[in-house]
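This is data.cif (mmCIF, C-alpha atoms).
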data_protein
#
loop_
_atom_site.label_atom_id
_atom_site.label_comp_id
_atom_site.auth_asym_id
_atom_site.auth_seq_id
_atom_site.Cartn_x
_atom_site.Cartn_y
_atom_site.Cartn_z
CA GLY A 30 -30.19 10.63 1.29
CA GLY A 31 -30.11 7.11 -0.10
CA GLU A 32 -30.41 8.19 -3.75
CA VAL A 33 -27.48 10.61 -3.48
CA ARG A 34 -25.34 7.97 -1.76
CA GLU A 35 -26.20 5.39 -4.43
CA LYS A 36 -25.27 7.74 -7.28
CA THR A 37 -22.06 8.77 -5.51
CA LEU A 38 -20.97 5.15 -5.08
CA GLN A 39 -21.80 4.42 -8.72
CA TRP A 40 -19.63 7.37 -9.80
CA ILE A 41 -16.71 6.23 -7.61
CA ALA A 42 -17.00 2.69 -8.98
CA PHE A 43 -16.97 4.08 -12.54
CA ALA A 44 -13.89 6.20 -11.75
CA ILE A 45 -12.06 3.13 -10.40
CA GLU A 46 -12.90 0.84 -13.30
CA SER A 47 -12.12 3.55 -15.88
CA ASN A 48 -8.64 4.02 -14.43
CA SER A 49 -7.43 0.43 -14.12
CA GLY A 50 -4.41 1.48 -16.23
CA ARG A 51 -3.02 3.39 -13.25
CA SER A 52 -1.90 0.09 -11.74
CA LYS A 53 0.70 -0.31 -14.52
CA MET A 54 4.34 0.71 -14.16
CA ARG A 55 3.93 3.38 -16.86
CA ILE A 56 0.62 5.24 -16.82
CA ASN A 57 -0.90 6.40 -20.10
CA MET A 58 -1.96 9.88 -19.01
CA LEU A 59 -4.12 10.25 -22.15
CA LYS A 60 -6.38 7.45 -20.89
CA CYS A 61 -6.09 7.75 -17.09
CA ALA A 62 -6.83 10.44 -14.53
CA THR A 63 -3.99 12.41 -12.93
CA HIS A 64 -2.19 11.79 -9.64
CA GLY A 65 -3.92 14.90 -8.29
CA PHE A 66 -7.40 13.54 -9.02
CA PHE A 67 -6.66 10.19 -7.37
CA LEU A 68 -4.96 11.77 -4.35
CA ASN A 69 -8.09 13.88 -3.82
CA LEU A 70 -10.30 10.82 -4.30
CA SER A 71 -8.10 8.91 -1.82
CA SER A 72 -8.71 11.63 0.75
CA VAL A 73 -12.48 11.52 0.11
CA MET A 74 -12.57 7.72 0.54
CA LEU A 75 -10.56 7.88 3.77
CA HIS A 76 -13.07 10.39 5.15
CA LEU A 77 -15.93 8.06 4.20
CA CYS A 78 -14.20 5.23 6.10
CA ALA A 79 -13.37 7.38 9.15
CA PRO A 80 -16.40 6.36 11.29
CA PHE A 81 -15.45 2.66 11.27
CA MET A 82 -11.68 2.83 10.70
CA ASP A 83 -10.33 2.23 14.20
CA PRO A 84 -10.27 -1.54 14.95
CA GLY A 85 -10.21 -0.78 18.67
CA LYS A 86 -13.42 1.27 18.68
CA GLY A 87 -16.22 1.07 16.14
CA TYR A 88 -14.76 -1.97 14.43
CA GLY A 89 -17.04 -4.48 16.13
CA LYS A 90 -19.96 -3.24 14.04
CA ALA A 91 -17.90 -2.93 10.87
CA TRP A 92 -16.40 -6.42 11.13
CA GLU A 93 -19.57 -8.28 10.13
CA LYS A 94 -20.37 -5.79 7.35
CA ILE A 95 -17.13 -6.42 5.38
CA ASP A 96 -18.03 -9.37 3.17
CA ILE A 97 -15.16 -11.01 1.27
CA ASN A 98 -17.61 -12.23 -1.39
CA TYR A 99 -17.77 -8.62 -2.61
CA LEU A 100 -14.44 -9.26 -4.38
CA PHE A 101 -15.75 -12.23 -6.33
CA SER A 102 -19.45 -11.66 -7.04
CA LYS A 103 -20.76 -9.93 -10.16
CA GLU A 104 -22.89 -6.83 -10.33
CA GLU A 105 -26.56 -7.68 -10.65
CA GLU A 106 -29.74 -5.68 -10.81
CA GLY A 107 -30.64 -4.79 -7.24
CA GLY A 108 -27.44 -6.15 -5.74
CA GLY A 109 -23.98 -7.62 -6.28
CA SER A 110 -20.56 -6.01 -6.21
CA ARG A 111 -20.16 -2.56 -7.73
CA LEU A 112 -16.58 -3.40 -8.70
CA SER A 113 -17.32 -6.50 -10.74
CA SER A 114 -14.19 -6.18 -12.90
CA ALA A 115 -11.82 -3.96 -10.90
CA PHE A 116 -10.15 -6.83 -9.04
CA LYS A 117 -10.25 -9.61 -11.64
CA GLU A 118 -6.77 -9.01 -13.17
CA ASP A 119 -4.94 -8.50 -9.85
CA THR A 120 -2.20 -10.92 -8.75
CA ARG A 121 -3.43 -13.11 -5.89
CA CYS A 122 -1.84 -13.74 -2.49
CA ALA A 123 -1.38 -17.48 -2.95
CA ALA A 124 -3.00 -18.52 -6.23
CA SER A 125 -2.54 -18.09 -9.96
CA LEU A 126 -5.21 -16.46 -12.11
CA GLU A 127 -5.94 -19.92 -13.54
CA GLU A 128 -6.55 -21.28 -10.02
CA LEU A 129 -8.75 -18.26 -9.31
CA SER A 130 -10.80 -18.92 -12.45
CA GLY A 131 -11.26 -22.57 -11.50
CA TRP A 132 -12.24 -21.69 -7.94
CA LEU A 133 -14.75 -19.08 -9.14
CA SER A 134 -16.33 -21.63 -11.47
CA LYS A 135 -16.61 -24.13 -8.62
CA GLU A 136 -18.02 -21.54 -6.21
CA SER A 137 -20.28 -19.74 -8.72
CA GLY A 138 -23.43 -21.18 -7.18
CA ARG A 139 -22.58 -20.02 -3.67
CA LEU A 140 -21.29 -16.59 -4.78
CA GLY A 141 -24.31 -15.92 -6.94
CA GLU A 142 -27.03 -17.37 -4.76
CA GLY A 143 -29.85 -15.07 -3.85
CA GLU A 144 -29.89 -11.34 -4.36
CA ARG A 145 -26.82 -10.33 -2.37
CA LYS A 146 -26.87 -6.69 -1.31
CA TYR A 147 -23.73 -5.31 0.30
CA HIS A 148 -23.63 -2.82 3.13
CA PHE A 149 -22.34 0.75 2.67
CA ILE A 150 -19.38 -0.09 4.94
CA CYS A 151 -18.45 -2.99 2.67
CA ASP A 152 -18.63 -0.75 -0.41
CA CYS A 153 -16.44 1.87 1.26
CA PHE A 154 -13.87 -0.62 2.55
CA PHE A 155 -13.17 -2.31 -0.79
CA MET A 156 -13.53 0.83 -2.91
CA THR A 157 -11.04 2.59 -0.65
CA SER A 158 -8.57 -0.29 -1.00
CA LYS A 159 -8.62 0.11 -4.78
CA VAL A 160 -8.62 3.92 -4.79
CA LEU A 161 -5.61 4.03 -2.44
CA HIS A 162 -3.82 1.42 -4.55
CA LEU A 163 -4.35 3.46 -7.72
CA GLY A 164 -3.93 6.84 -6.02
CA PHE A 165 -2.13 7.42 -2.74
CA MET A 166 0.02 4.27 -2.80
CA LYS A 167 0.82 4.73 -6.50
CA SER A 168 2.11 8.22 -5.64
CA VAL A 169 4.14 6.80 -2.73
CA ARG A 170 5.79 4.25 -5.03
CA ASP A 171 6.50 6.87 -7.70
CA PHE A 172 7.95 9.20 -5.04
CA LEU A 173 10.31 6.48 -3.78
CA GLU A 174 11.33 5.53 -7.34
CA ASN A 175 11.96 9.20 -8.19
CA MET A 176 14.08 9.51 -5.04
CA LYS A 177 16.21 6.52 -6.13
CA GLU A 178 16.66 8.00 -9.60
CA LEU A 179 17.70 11.34 -8.09
CA GLY A 180 20.30 9.57 -5.96
CA ARG A 181 21.71 7.69 -8.95
CA HIS A 182 21.95 10.82 -11.10
CA GLN A 183 23.55 12.80 -8.27
CA GLN A 184 26.25 10.12 -7.97
CA THR A 185 26.88 10.31 -11.73
CA MET A 186 27.16 14.10 -11.59
CA ARG A 187 29.57 13.97 -8.65
CA ARG A 188 31.70 11.40 -10.46
CA LEU A 189 31.86 13.54 -13.61
CA GLU A 190 32.70 16.68 -11.62
CA MET A 191 35.44 14.90 -9.69
CA THR A 192 37.02 13.64 -12.92
CA ARG A 193 36.68 16.94 -14.80
CA HIS A 194 40.48 17.41 -14.81
CA VAL A 195 40.74 14.10 -16.70
CA TRP A 196 38.15 14.58 -19.45
CA SER A 197 38.27 18.39 -19.84
CA ASN A 198 41.34 18.16 -22.10
CA GLY A 199 40.39 14.89 -23.77
CA PRO A 200 38.54 14.01 -27.00
CA TYR A 201 35.20 13.44 -25.17
CA ARG A 202 35.05 16.87 -23.56
CA GLN A 203 32.11 18.18 -25.61
CA ARG A 204 30.09 14.98 -25.22
CA THR A 205 30.70 14.91 -21.44
CA GLU A 206 29.73 18.58 -21.04
CA GLN A 207 26.49 17.84 -22.91
CA GLN A 208 25.87 14.91 -20.58
CA LEU A 209 26.41 17.16 -17.55
CA GLU A 210 24.03 19.76 -18.96
CA GLN A 211 21.36 17.11 -19.61
CA LEU A 212 21.82 15.76 -16.08
CA ASN A 213 21.45 19.25 -14.60
CA THR A 214 18.23 19.82 -16.55
CA TRP A 215 16.86 16.40 -15.51
CA MET A 216 17.81 17.00 -11.87
CA THR A 217 16.12 20.41 -11.77
CA GLU A 218 12.91 19.03 -13.25
CA HIS A 219 12.78 15.96 -11.02
CA LYS A 220 13.63 17.88 -7.84
CA GLU A 221 10.49 19.93 -8.50
CA ILE A 222 8.50 16.72 -9.03
CA HIS A 223 10.01 15.32 -5.81
CA LEU A 224 8.92 18.39 -3.82
CA CYS A 225 5.38 18.20 -5.27
CA TYR A 226 5.09 14.55 -4.25
CA GLU A 227 6.53 15.34 -0.83
CA CYS A 228 3.97 18.07 -0.14
CA ALA A 229 1.08 15.87 -1.27
CA ILE A 230 1.83 12.50 0.34
CA GLN A 231 3.61 13.61 3.51
CA GLU A 232 0.75 15.76 4.72
CA GLU A 233 0.27 14.56 8.30
CA GLY A 234 -3.53 14.31 8.24
CA LEU A 235 -3.54 12.18 5.10
CA LEU A 236 -0.73 9.95 6.37
CA HIS A 237 -2.50 9.41 9.69
CA GLN A 238 -5.76 8.46 7.96
CA ALA A 239 -3.91 6.12 5.59
CA LEU A 240 -2.21 4.40 8.54
CA GLN A 241 -5.57 4.03 10.28
CA TYR A 242 -7.15 2.49 7.19
CA TYR A 243 -4.29 0.05 6.64
CA LYS A 244 -4.38 -0.91 10.31
CA LEU A 245 -8.01 -1.87 9.69
CA MET A 246 -6.97 -3.77 6.56
CA GLY A 247 -4.18 -5.58 8.45
CA CYS A 248 -6.56 -6.62 11.25
CA TRP A 249 -9.12 -7.83 8.71
CA LEU A 250 -6.49 -9.94 6.91
CA LEU A 251 -5.19 -11.33 10.21
CA ASN A 252 -8.67 -12.42 11.17
CA PHE A 253 -8.60 -15.00 8.36
CA VAL A 254 -5.36 -16.48 9.72
CA ILE A 255 -5.79 -16.08 13.48
CA PRO A 256 -9.43 -15.60 14.53
CA LYS A 257 -9.86 -12.63 16.82
CA GLU A 258 -11.08 -14.79 19.71
CA SER A 259 -7.87 -16.89 19.55
CA ARG A 260 -5.41 -14.01 19.75
CA GLY A 261 -3.49 -13.78 22.99
CA GLU A 262 -3.88 -17.50 23.68
CA GLU A 263 -0.86 -19.76 23.99
CA GLY A 264 0.15 -21.22 20.61
CA ALA A 265 -1.95 -18.73 18.60
CA GLY A 266 1.19 -17.54 16.85
CA THR A 267 2.17 -20.98 15.58
CA GLN A 268 -1.11 -22.34 14.18
CA PHE A 269 -2.50 -20.44 11.21
CA LEU A 270 -5.65 -21.05 9.20
CA LEU A 271 -5.45 -21.07 5.39
CA THR A 272 -8.75 -20.72 3.54
CA ASP A 273 -9.36 -20.66 -0.20
CA GLU A 274 -10.88 -17.20 0.16
CA PHE A 275 -7.65 -15.84 1.64
CA ARG A 276 -5.53 -17.49 -1.09
CA MET A 277 -7.67 -15.73 -3.72
CA LEU A 278 -7.34 -12.25 -2.18
CA PRO A 279 -5.52 -9.61 -4.27
CA GLU A 280 -1.84 -9.48 -3.30
CA PHE A 281 -1.88 -5.68 -3.22
CA PHE A 282 -3.94 -5.81 0.00
CA VAL A 283 -0.83 -7.14 1.77
CA ASP A 284 1.66 -5.21 -0.37
CA ASP A 285 0.10 -1.79 0.23
CA VAL A 286 0.11 -2.26 4.02
CA THR A 287 3.79 -3.23 3.89
CA GLU A 288 4.74 -0.44 1.48
CA LEU A 289 3.11 2.24 3.65
CA LEU A 290 4.90 0.94 6.76
CA SER A 291 8.22 1.05 4.91
CA PHE A 292 7.53 4.57 3.67
CA THR A 293 6.49 5.96 7.07
CA ALA A 294 9.47 4.27 8.76
CA LYS A 295 11.84 6.10 6.41
CA ILE A 296 10.09 9.42 7.00
CA ALA A 297 10.12 8.86 10.78
CA GLU A 298 13.93 8.87 10.82
CA ARG A 299 13.73 12.63 10.10
CA GLN A 300 10.18 13.34 11.29
CA PRO A 301 9.49 11.13 14.36
CA ARG A 302 6.05 12.65 14.92
CA VAL A 303 4.75 10.66 11.90
CA LEU A 304 4.79 7.47 14.04
CA GLN A 305 5.05 8.95 17.54
CA ASP A 306 1.33 8.72 18.34
CA GLU A 307 0.43 5.76 16.09
CA GLU A 308 -0.54 2.39 17.55
CA LEU A 309 1.87 -0.07 15.89
CA GLU A 310 1.07 -3.28 17.80
CA SER A 311 -1.45 -4.43 15.16
CA PHE A 312 1.07 -3.76 12.40
CA MET A 313 3.70 -5.79 14.27
CA ASP A 314 1.25 -8.72 14.45
CA PHE A 315 0.64 -8.38 10.72
CA LEU A 316 4.36 -8.38 9.84
CA VAL A 317 5.30 -11.22 12.18
CA VAL A 318 2.54 -13.50 10.90
CA PHE A 319 2.74 -12.97 7.14
CA MET A 320 6.53 -12.70 7.02
CA GLY A 321 6.72 -16.36 8.05
CA CYS A 322 3.75 -17.65 6.04
CA PRO A 323 4.81 -18.56 2.48
CA ASP A 324 1.60 -20.58 2.10
CA HIS A 325 -0.43 -17.41 2.64
CA VAL A 326 1.82 -14.97 0.74
CA HIS A 327 3.66 -16.67 -2.11
CA ASN A 328 5.68 -13.65 -3.23
CA PRO A 329 9.15 -13.93 -1.58
CA TYR A 330 10.00 -10.31 -2.44
CA LEU A 331 6.92 -9.11 -0.57
CA ARG A 332 7.89 -11.14 2.51
CA ALA A 333 11.43 -9.75 2.24
CA LYS A 334 9.93 -6.25 2.20
CA MET A 335 8.32 -7.06 5.56
CA VAL A 336 11.75 -7.95 6.94
CA ASP A 337 12.99 -4.57 5.69
CA VAL A 338 10.22 -2.83 7.63
CA LEU A 339 11.23 -4.60 10.84
CA HIS A 340 14.85 -3.67 10.14
CA LEU A 341 13.83 -0.01 9.81
CA TRP A 342 11.92 -0.30 13.09
CA VAL A 343 14.86 -1.75 15.06
CA PRO A 344 16.14 1.08 17.31
CA PRO A 345 19.75 1.96 16.42
CA PRO A 346 22.16 1.43 19.35
CA GLN A 347 23.53 4.41 21.27
CA ILE A 348 21.48 6.96 19.32
CA GLN A 349 19.10 9.42 20.92
CA HIS A 350 15.84 9.36 18.99
CA PRO A 351 12.25 10.02 20.14
CA LEU A 352 11.07 6.64 18.82
CA VAL A 353 13.73 4.45 20.47
CA SER A 354 11.65 3.65 23.56
CA LYS A 355 8.44 3.07 21.54
CA MET A 356 10.14 0.69 19.11
CA SER A 357 12.04 -1.16 21.85
CA ASN A 358 8.79 -1.89 23.67
CA LEU A 359 7.20 -3.02 20.41
CA PHE A 360 9.84 -5.70 19.88
CA GLU A 361 10.13 -6.68 23.53
CA PHE A 362 6.46 -7.12 24.45
CA ASN A 363 4.69 -8.25 21.26
CA LEU A 364 3.11 -11.65 22.03
CA LEU A 365 3.25 -13.06 18.50
CA ALA A 366 6.88 -12.01 18.10
CA LYS A 367 7.77 -13.84 21.33
CA GLU A 368 6.19 -17.06 20.04
#

Structure encoded using structure tokens:
Amino acid sequence: GGEVREKTLQWIAFAIESNSGRSKMRINMLKCATHGFFLNLSSVMLHLCAPFMDPGKGYGKAWEKIDINYLFSKEEEGGGSRLSSAFKEDTRCAASLEELSGWLSKESGRLGEGERKYHFICDCFFMTSKVLHLGFMKSVRDFLENMKELGRHQQTMRRLEMTRHVWSNGPYRQRTEQQLEQLNTWMTEHKEIHLCYECAIQEEGLLHQALQYYKLMGCWLLNFVIPKESRGEEGAGTQFLLTDEFRMLPEFFVDDVTELLSFTAKIAERQPRVLQDEELESFMDFLVVFMGCPDHVHNPYLRAKMVDVLHLWVPPPQIQHPLVSKMSNLFEFNLLAKE
């Protein structure tokens, strides 16, 4: 019933705001919940979003329920945003925090007018964005970072083993053997961590739901730049709108979409089924538009990451792979890419 739903949403909002520290590079595990808790919460939120997650089906009803003012309005008795402080410290797409503060002061009358009550769909959409950022996508980033560290340490171990005949009779033999032993211990521990991450974040059902949600997010972001009714028209891919609301959006909305596409593209090299049945046309629109829009996305490293995704999607020549035909068609027939 309504009371249960209200209390559930309040609890989720409290969990999000109590774990803002999970967005940092190094998480203080004495103050923040575990990866396991947030992966489970990510799965719960994706299930809550499932009825309106496909932009091609039930999205027409959801579209008008997702109110961007949710990100900027304060919680009030009987209404307002449940996440009044969860987004306030986030880096913005195309504005500094000082510009955000000035814009909020200027727009305070409009944002606070009346008793604004947000729809359940709106709550779910924005809560899920934050939960995935702190949970599922945080685990993806840690998994990729751990994989890089494993690669670097493996190279060091191979180099030391290959030069054993040089240092084994030298003055640094004992120190080098200790280094090798420490590397072996580190590698064993982090291989176990790597496998745990792999089991958790590469589960096909969770990955599919995450892709569906971020497809919804990508379409929602694109709608600010190219209105839905204008897509497919001649010149739609060369004239983009830029509103203050879009400039003030949290950058992680764009970053998380891009990061997930990069992650799934790397997995698909070995496990093609991850992307085999996914609709990627909307993602291609997203990448093509924002990759070439520095006014909308100021961060050059984020736009470069989009180029990396497209590079991963380019079918390698003269290689038999189940995704070659799918990816070739994606590049050849995408309307925005042609323009």

With all atoms of range 52-71 of chain A from the file as input, state the centre and edge lengths in Å to one decimal of the axis-aligned box that has 8 Å extra on each side, as JSON.
{"center_x": -3.0, "center_y": 7.3, "center_z": -12.0, "size_x": 30.6, "size_y": 31.2, "size_z": 36.3}

Using only C-alpha atoms, I'd like a table of the residues in range 107-210 of chain A that come within 12 Å of range 327-343 of chain A; for each, show the closest atom pair and its distance in Å rounded to one decimal, ordered by chain and ascending number, as JSON lines.
{"residue": "A:Thr120", "atom": "CA", "partner": "A:Asn328", "partner_atom": "CA", "distance": 10.0}
{"residue": "A:Arg121", "atom": "CA", "partner": "A:His327", "partner_atom": "CA", "distance": 8.8}
{"residue": "A:Cys122", "atom": "CA", "partner": "A:His327", "partner_atom": "CA", "distance": 6.2}
{"residue": "A:Ala123", "atom": "CA", "partner": "A:His327", "partner_atom": "CA", "distance": 5.2}
{"residue": "A:Ala124", "atom": "CA", "partner": "A:His327", "partner_atom": "CA", "distance": 8.0}
{"residue": "A:Ser125", "atom": "CA", "partner": "A:His327", "partner_atom": "CA", "distance": 10.1}

Item to complete: I need the residue set behind the PyMOL selection byres ((chain A and resi 50) around 12) for this file; please write it as a VMD selection string.
Response: chain A and resid 44 to 49 51 to 63 115 118 to 119 162 to 164 167

Could you expand the PyMOL selection byres ((chain A and resi 237-251) around 7) into the explicit residues it covers here, written as a PDB file with C-alpha atoms, keeping the file's coordinate frame?
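Everything below was put into out-v2.pdb:
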ATOM      1  CA  LEU A  75     -10.560   7.880   3.770  1.00  0.00           C
ATOM      2  CA  MET A  82     -11.680   2.830  10.700  1.00  0.00           C
ATOM      3  CA  ASP A  83     -10.330   2.230  14.200  1.00  0.00           C
ATOM      4  CA  PRO A  84     -10.270  -1.540  14.950  1.00  0.00           C
ATOM      5  CA  GLU A 233       0.270  14.560   8.300  1.00  0.00           C
ATOM      6  CA  GLY A 234      -3.530  14.310   8.240  1.00  0.00           C
ATOM      7  CA  LEU A 235      -3.540  12.180   5.100  1.00  0.00           C
ATOM      8  CA  LEU A 236      -0.730   9.950   6.370  1.00  0.00           C
ATOM      9  CA  ASN A 252      -8.670 -12.420  11.170  1.00  0.00           C
ATOM     10  CA  PHE A 253      -8.600 -15.000   8.360  1.00  0.00           C
ATOM     11  CA  VAL A 254      -5.360 -16.480   9.720  1.00  0.00           C
ATOM     12  CA  ILE A 255      -5.790 -16.080  13.480  1.00  0.00           C
ATOM     13  CA  VAL A 286       0.110  -2.260   4.020  1.00  0.00           C
ATOM     14  CA  SER A 311      -1.450  -4.430  15.160  1.00  0.00           C
ATOM     15  CA  PHE A 312       1.070  -3.760  12.400  1.00  0.00           C
ATOM     16  CA  PHE A 315       0.640  -8.380  10.720  1.00  0.00           C
TER      17      PHE A 315
END

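For the residues A:Phe281, A:His64, A:Leu209, A:Gly31, ranking by smallest atom-to-atom distance to Thr185 in chain A using only C-alpha atoms places A:Leu209 first.
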
Discussion item. Could you list, as number ranges by chain, every residue matched by the PyMOL selection byres ((chain A and resi 99) around 12) in this structure?
Written reply: A: 94-98, 100-105, 108-117, 140-141, 145-156, 274, 278

Can those selected residues be exported to a file as a PDB file, in the frame of the given file so that it contains C-alpha atoms?
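To be explicit, this is the file written out as again.pdb:
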ATOM      1  CA  LYS A  94     -20.370  -5.790   7.350  1.00  0.00           C
ATOM      2  CA  ILE A  95     -17.130  -6.420   5.380  1.00  0.00           C
ATOM      3  CA  ASP A  96     -18.030  -9.370   3.170  1.00  0.00           C
ATOM      4  CA  ILE A  97     -15.160 -11.010   1.270  1.00  0.00           C
ATOM      5  CA  ASN A  98     -17.610 -12.230  -1.390  1.00  0.00           C
ATOM      6  CA  LEU A 100     -14.440  -9.260  -4.380  1.00  0.00           C
ATOM      7  CA  PHE A 101     -15.750 -12.230  -6.330  1.00  0.00           C
ATOM      8  CA  SER A 102     -19.450 -11.660  -7.040  1.00  0.00           C
ATOM      9  CA  LYS A 103     -20.760  -9.930 -10.160  1.00  0.00           C
ATOM     10  CA  GLU A 104     -22.890  -6.830 -10.330  1.00  0.00           C
ATOM     11  CA  GLU A 105     -26.560  -7.680 -10.650  1.00  0.00           C
ATOM     12  CA  GLY A 108     -27.440  -6.150  -5.740  1.00  0.00           C
ATOM     13  CA  GLY A 109     -23.980  -7.620  -6.280  1.00  0.00           C
ATOM     14  CA  SER A 110     -20.560  -6.010  -6.210  1.00  0.00           C
ATOM     15  CA  ARG A 111     -20.160  -2.560  -7.730  1.00  0.00           C
ATOM     16  CA  LEU A 112     -16.580  -3.400  -8.700  1.00  0.00           C
ATOM     17  CA  SER A 113     -17.320  -6.500 -10.740  1.00  0.00           C
ATOM     18  CA  SER A 114     -14.190  -6.180 -12.900  1.00  0.00           C
ATOM     19  CA  ALA A 115     -11.820  -3.960 -10.900  1.00  0.00           C
ATOM     20  CA  PHE A 116     -10.150  -6.830  -9.040  1.00  0.00           C
ATOM     21  CA  LYS A 117     -10.250  -9.610 -11.640  1.00  0.00           C
ATOM     22  CA  LEU A 140     -21.290 -16.590  -4.780  1.00  0.00           C
ATOM     23  CA  GLY A 141     -24.310 -15.920  -6.940  1.00  0.00           C
ATOM     24  CA  ARG A 145     -26.820 -10.330  -2.370  1.00  0.00           C
ATOM     25  CA  LYS A 146     -26.870  -6.690  -1.310  1.00  0.00           C
ATOM     26  CA  TYR A 147     -23.730  -5.310   0.300  1.00  0.00           C
ATOM     27  CA  HIS A 148     -23.630  -2.820   3.130  1.00  0.00           C
ATOM     28  CA  PHE A 149     -22.340   0.750   2.670  1.00  0.00           C
ATOM     29  CA  ILE A 150     -19.380  -0.090   4.940  1.00  0.00           C
ATOM     30  CA  CYS A 151     -18.450  -2.990   2.670  1.00  0.00           C
ATOM     31  CA  ASP A 152     -18.630  -0.750  -0.410  1.00  0.00           C
ATOM     32  CA  CYS A 153     -16.440   1.870   1.260  1.00  0.00           C
ATOM     33  CA  PHE A 154     -13.870  -0.620   2.550  1.00  0.00           C
ATOM     34  CA  PHE A 155     -13.170  -2.310  -0.790  1.00  0.00           C
ATOM     35  CA  MET A 156     -13.530   0.830  -2.910  1.00  0.00           C
ATOM     36  CA  GLU A 274     -10.880 -17.200   0.160  1.00  0.00           C
ATOM     37  CA  LEU A 278      -7.340 -12.250  -2.180  1.00  0.00           C
TER      38      LEU A 278
END

Worksheet item: Separation of CA of His350 in chain A and CA of Gly321 in chain A, in Å?
Response: 29.4 Å

Leu289 in chain A surroundings by only C-alpha atoms, 8 Å radius, close-in-sequence under 3 positions cut, as a PDB file with C-alpha atoms, keeping the file's coordinate frame:
ATOM      1  CA  MET A 166       0.020   4.270  -2.800  1.00  0.00           C
ATOM      2  CA  VAL A 169       4.140   6.800  -2.730  1.00  0.00           C
ATOM      3  CA  LEU A 240      -2.210   4.400   8.540  1.00  0.00           C
ATOM      4  CA  ASP A 285       0.100  -1.790   0.230  1.00  0.00           C
ATOM      5  CA  VAL A 286       0.110  -2.260   4.020  1.00  0.00           C
ATOM      6  CA  PHE A 292       7.530   4.570   3.670  1.00  0.00           C
ATOM      7  CA  THR A 293       6.490   5.960   7.070  1.00  0.00           C
TER       8      THR A 293
END

Item to complete: One decimal, Å: what's the distance from CA of Lys220 in chain A over to CA of Asp171 in chain A, could you say?
Response: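 Between CA of Lys220 in chain A and CA of Asp171 in chain A the gap is 13.1 Å.
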
Worksheet item: So which one's closest to Asp306 in chain A, A:His194, A:His219, A:Lys355, A:Lys177? Using only C-alpha atoms, please.
Response: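 Between A:His194, A:His219, A:Lys355, A:Lys177, the residue approaching Asp306 in chain A most closely is A:Lys355.
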
Discussion item. One number please: CA of Met216 in chain A to CA of Thr287 in chain A, in Å, one decimal.
Written reply: 29.2 Å
